[in-house]
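A.B. asks: Below you'll find the structure I mean.
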Amino acid sequence: MFALRSLAFKSVSFPGKSQLVNSGLHTSARWSGAKVAVVLSGCGVYDGTEIHEASAILVHLSRGGAEVQMYAPDVSQMHVIDHGKGVPVENESRNVLSESARIARGNVTDLAKLSVGDHDAIIFPGGFGAAKNLSTFAVDGPDCKINTDVERVLKDFHKAGKPIGLCCISPVLAAKLLPGVEVTVGHEEEKGGKWPYAGTAGAIKALGAKHIVKEVTEAHVDQKNKVVTSPAFMCETQVHLIFDGIGVMVTNVLKLSGKGKSRTHISL
């Protein structure tokens with residue numbers, strides 16, 4: 001019994017391909033030195049960043065050896081939602097940058113200061129904030145407008161050939177700005193309520209982008225545009241499956257960044 005317990009506190013790292021040591025072990029590839037910008041849109045699924053998605057992205061980036069800096073636009077939210085009741089709060093206004101600081105533990109920078117030259121990749125978590133605060137997609141659909149700094153950084157990273165990761169609803173940002181880009185928001189039919197936002201796929205097609213059907217534990221990699229997307233909470237499912245799909249997205253973003261030496265970390 002003691003020997004079995006002691007295994008839980010050991011870890012080994014080695015270069016090259018993964019090797020099977022035991023069943024049920026956690027493995028992760030590391031790209032030490034990759035500098036990744038994470039763009040938040042507030043705090044809370046209905047009017048800001050989806051917190052579980054942001055946390056999953058940060059965990060996978062940390063485990064992958066990346067250096068992270070969080071950003072958010074210094075603008076007012078579209079509105080404030082009472083997350084317990086699911087309704088707008090009258091006569092209340094909140095700032096996206098200030099609210100994002102809740103997730104970033106205070107370490108968040110105005111998106112206006114983000115320079116593509118300072119980072120190797122960029123990732124956008126989902127949450128309705130992407131469709132309300134980073135864009136007007138929630139109101140205007142395919143006719144939406146994109147926040148000026150969001151548009152600038154997405155186009156800058158794309159032009160520089162640096163990878164862009166987006167999950168949940170945020171792939172609509174790439175669909176709007178990058179002609180012909182391939183993205184996924186999961187399935188194109190609701191499947192009995194499992195995919196309640198399946199209609200988003202139609203809007204993505206209307207924008208001239210290509211939608212790829214993927215499961216929640218998967219990610220789609222548009223190799224040409226270096227855009228990596230995963231459905232996340234576009235699917236009604238267990239949170240660990242959301243976490244796993246985001247992990248696939250983050251891993252592919254780090255691979256495309258080409259920074260650092262890849263190695264595999266195994267925890268026993």
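Note on naming: chains are A, B, ... as they come in the structure tokens, residues start from 1 per chain, ligands start from 1 in the order shown.
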Which parts of region 27-265 of chain A does DSSP call helix (DSSP H, G or I) when run on the backbone here, written out as an MDAnalysis selection string?
C.D. replies: chainID A and resid 51:63 96:104 111:113 116:118 129:132 137:143 148:159 171:177 200:206 232:234 239:257
A.B. asks: Mind running region 133-236 of chain A against region 68-88 of chain A at 10 Å and telling me each contacting residue's nearest atom pair with the distance in Å (one decimal), counting only C-alpha atoms, chain and number ascending, as JSON lines?
C.D. replies:
```
{"residue": "A:Asn133", "atom": "CA", "partner": "A:Gln77", "partner_atom": "CA", "distance": 5.6}
{"residue": "A:Leu134", "atom": "CA", "partner": "A:Pro73", "partner_atom": "CA", "distance": 7.8}
{"residue": "A:Ser135", "atom": "CA", "partner": "A:Met78", "partner_atom": "CA", "distance": 9.6}
{"residue": "A:Thr136", "atom": "CA", "partner": "A:Met78", "partner_atom": "CA", "distance": 8.7}
{"residue": "A:Ala138", "atom": "CA", "partner": "A:Met78", "partner_atom": "CA", "distance": 10.0}
{"residue": "A:Asn147", "atom": "CA", "partner": "A:Pro73", "partner_atom": "CA", "distance": 8.4}
{"residue": "A:Thr148", "atom": "CA", "partner": "A:Pro73", "partner_atom": "CA", "distance": 9.4}
{"residue": "A:Asp149", "atom": "CA", "partner": "A:Pro73", "partner_atom": "CA", "distance": 7.4}
{"residue": "A:Val150", "atom": "CA", "partner": "A:Pro73", "partner_atom": "CA", "distance": 8.1}
```
A.B. asks: Might you pull out every residue within 10 Å of region 177-188 of chain A, with only C-alpha atoms counted and same-chain residues fewer than 2 positions away left off, and present them as a ChimeraX atom specification?
C.D. replies: /A:145-146,150-152,154-155,158,166-175,190-191,194-202,204-205,207-235
A.B. asks: Considering only C-alpha atoms, state which residue in the set A:Gly117, A:Gly106, A:Pro163, A:Gly129 is at the smallest distance from Asp47 (chain A).
C.D. replies: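 Selected residue with least distance to Asp47 (chain A): A:Gly129.
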A.B. asks: Using only C-alpha atoms, can you tell me which of A:Lys132, A:Arg63, A:Arg105, A:His119 comes closest to Tyr46 (chain A)?
C.D. replies: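 Of A:Lys132, A:Arg63, A:Arg105, A:His119, the one nearest Tyr46 (chain A), counting only C-alpha atoms, is A:Lys132.
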A.B. asks: Using only C-alpha atoms, which of A:Asp244, A:Lys162, A:Gly42, A:Gly258 sits nearest Glu99 (chain A)?
C.D. replies: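 Looking at the shortest contact to Glu99 (chain A), the residue is A:Gly42.
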A.B. asks: I want to know what sits within 6 Å of Gly127 (chain A), based on only C-alpha atoms, with residues of the same chain fewer than 5 positions away left out; could you give that as a list in words?
C.D. replies: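 Within the cut-off, the hits are Val45, Gly48, Thr49 and Glu50 of chain A.
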A.B. asks: Any chance you can output those residues with N, CA, C and O atoms as a PDB file, in the first residue's frame?
C.D. replies:
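File written: part-v2.pdb
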```pdb
ATOM      1  N   VAL A  45     -20.352  33.963 -17.450  1.00  0.00           N
ATOM      2  CA  VAL A  45     -20.756  33.424 -18.746  1.00  0.00           C
ATOM      3  C   VAL A  45     -21.762  34.279 -19.507  1.00  0.00           C
ATOM      4  O   VAL A  45     -21.666  34.422 -20.730  1.00  0.00           O
ATOM      5  N   GLY A  48     -19.862  38.105 -19.840  1.00  0.00           N
ATOM      6  CA  GLY A  48     -18.409  38.238 -19.885  1.00  0.00           C
ATOM      7  C   GLY A  48     -17.752  36.931 -20.300  1.00  0.00           C
ATOM      8  O   GLY A  48     -18.312  36.139 -21.065  1.00  0.00           O
ATOM      9  N   THR A  49     -16.572  36.693 -19.774  1.00  0.00           N
ATOM     10  CA  THR A  49     -15.825  35.466 -20.052  1.00  0.00           C
ATOM     11  C   THR A  49     -16.431  34.280 -19.314  1.00  0.00           C
ATOM     12  O   THR A  49     -16.816  34.389 -18.147  1.00  0.00           O
ATOM     13  N   GLU A  50     -16.484  33.125 -19.979  1.00  0.00           N
ATOM     14  CA  GLU A  50     -16.879  31.884 -19.319  1.00  0.00           C
ATOM     15  C   GLU A  50     -15.711  31.475 -18.418  1.00  0.00           C
ATOM     16  O   GLU A  50     -14.623  31.163 -18.901  1.00  0.00           O
TER      17      GLU A  50
END
```
A.B. asks: Between A:Gly64, A:Gly193, A:Gly161, A:Gly44, which is the closest to Thr251 (chain A) once you count only C-alpha atoms?
C.D. replies: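 Using only C-alpha atoms, the shortest distance to Thr251 (chain A) belongs to A:Gly64.
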A.B. asks: When you draw a straight line from CA of Leu111 (chain A) to CA of Lys35 (chain A), how long is it in Å?
C.D. replies: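 Between CA of Leu111 (chain A) and CA of Lys35 (chain A) the gap works out to 15.7 Å.
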A.B. asks: Residues of region 154-227 of chain A in strand (DSSP E) according to DSSP, as an mmCIF file with N, CA and C atoms, in the first residue's frame?
C.D. replies:
```
data_model
loop_
_atom_site.group_PDB
_atom_site.id
_atom_site.type_symbol
_atom_site.label_atom_id
_atom_site.label_comp_id
_atom_site.auth_asym_id
_atom_site.auth_seq_id
_atom_site.Cartn_x
_atom_site.Cartn_y
_atom_site.Cartn_z
ATOM 1 N N ILE A 164 -3.756 31.368 -33.517
ATOM 2 C CA ILE A 164 -4.893 31.967 -32.825
ATOM 3 C C ILE A 164 -5.789 30.844 -32.324
ATOM 4 N N GLY A 165 -6.093 30.846 -31.029
ATOM 5 C CA GLY A 165 -6.994 29.852 -30.458
ATOM 6 C C GLY A 165 -8.288 30.516 -30.021
ATOM 7 N N LEU A 166 -9.420 29.876 -30.309
ATOM 8 C CA LEU A 166 -10.719 30.396 -29.904
ATOM 9 C C LEU A 166 -11.623 29.231 -29.519
ATOM 10 N N CYS A 167 -12.424 29.402 -28.472
ATOM 11 C CA CYS A 167 -13.337 28.328 -28.094
ATOM 12 C C CYS A 167 -14.722 28.877 -27.798
ATOM 13 N N GLU A 182 -11.480 28.259 -41.397
ATOM 14 C CA GLU A 182 -12.183 27.068 -40.938
ATOM 15 C C GLU A 182 -12.253 27.087 -39.414
ATOM 16 N N VAL A 183 -13.458 26.943 -38.860
ATOM 17 C CA VAL A 183 -13.631 26.932 -37.405
ATOM 18 C C VAL A 183 -14.683 25.898 -37.024
ATOM 19 N N THR A 184 -14.748 25.612 -35.729
ATOM 20 C CA THR A 184 -15.818 24.761 -35.210
ATOM 21 C C THR A 184 -16.454 25.393 -33.984
ATOM 22 N N VAL A 185 -17.769 25.221 -33.885
ATOM 23 C CA VAL A 185 -18.493 25.500 -32.643
ATOM 24 C C VAL A 185 -19.258 24.236 -32.228
ATOM 25 N N GLY A 186 -18.798 23.090 -32.767
ATOM 26 C CA GLY A 186 -19.406 21.808 -32.409
ATOM 27 C C GLY A 186 -20.272 21.255 -33.512
ATOM 28 N N LYS A 210 -15.879 28.499 -43.120
ATOM 29 C CA LYS A 210 -16.248 27.091 -43.239
ATOM 30 C C LYS A 210 -16.401 26.501 -41.848
ATOM 31 N N HIS A 211 -17.553 25.882 -41.582
ATOM 32 C CA HIS A 211 -17.761 25.256 -40.276
ATOM 33 C C HIS A 211 -17.459 23.767 -40.345
ATOM 34 N N ILE A 212 -16.679 23.291 -39.375
ATOM 35 C CA ILE A 212 -16.292 21.885 -39.284
ATOM 36 C C ILE A 212 -16.956 21.269 -38.053
ATOM 37 N N VAL A 213 -17.704 20.207 -38.239
ATOM 38 C CA VAL A 213 -18.367 19.545 -37.113
ATOM 39 C C VAL A 213 -17.329 18.795 -36.273
ATOM 40 N N HIS A 220 -10.503 21.755 -33.942
ATOM 41 C CA HIS A 220 -10.184 21.781 -35.363
ATOM 42 C C HIS A 220 -9.004 22.712 -35.589
ATOM 43 N N VAL A 221 -8.063 22.242 -36.396
ATOM 44 C CA VAL A 221 -6.878 23.040 -36.728
ATOM 45 C C VAL A 221 -6.947 23.444 -38.193
ATOM 46 N N ASP A 222 -7.074 24.734 -38.445
ATOM 47 C CA ASP A 222 -6.972 25.281 -39.793
ATOM 48 C C ASP A 222 -5.497 25.583 -40.016
ATOM 49 N N VAL A 227 -5.422 28.790 -37.210
ATOM 50 C CA VAL A 227 -6.528 29.047 -36.289
ATOM 51 C C VAL A 227 -6.999 27.720 -35.715
#
```
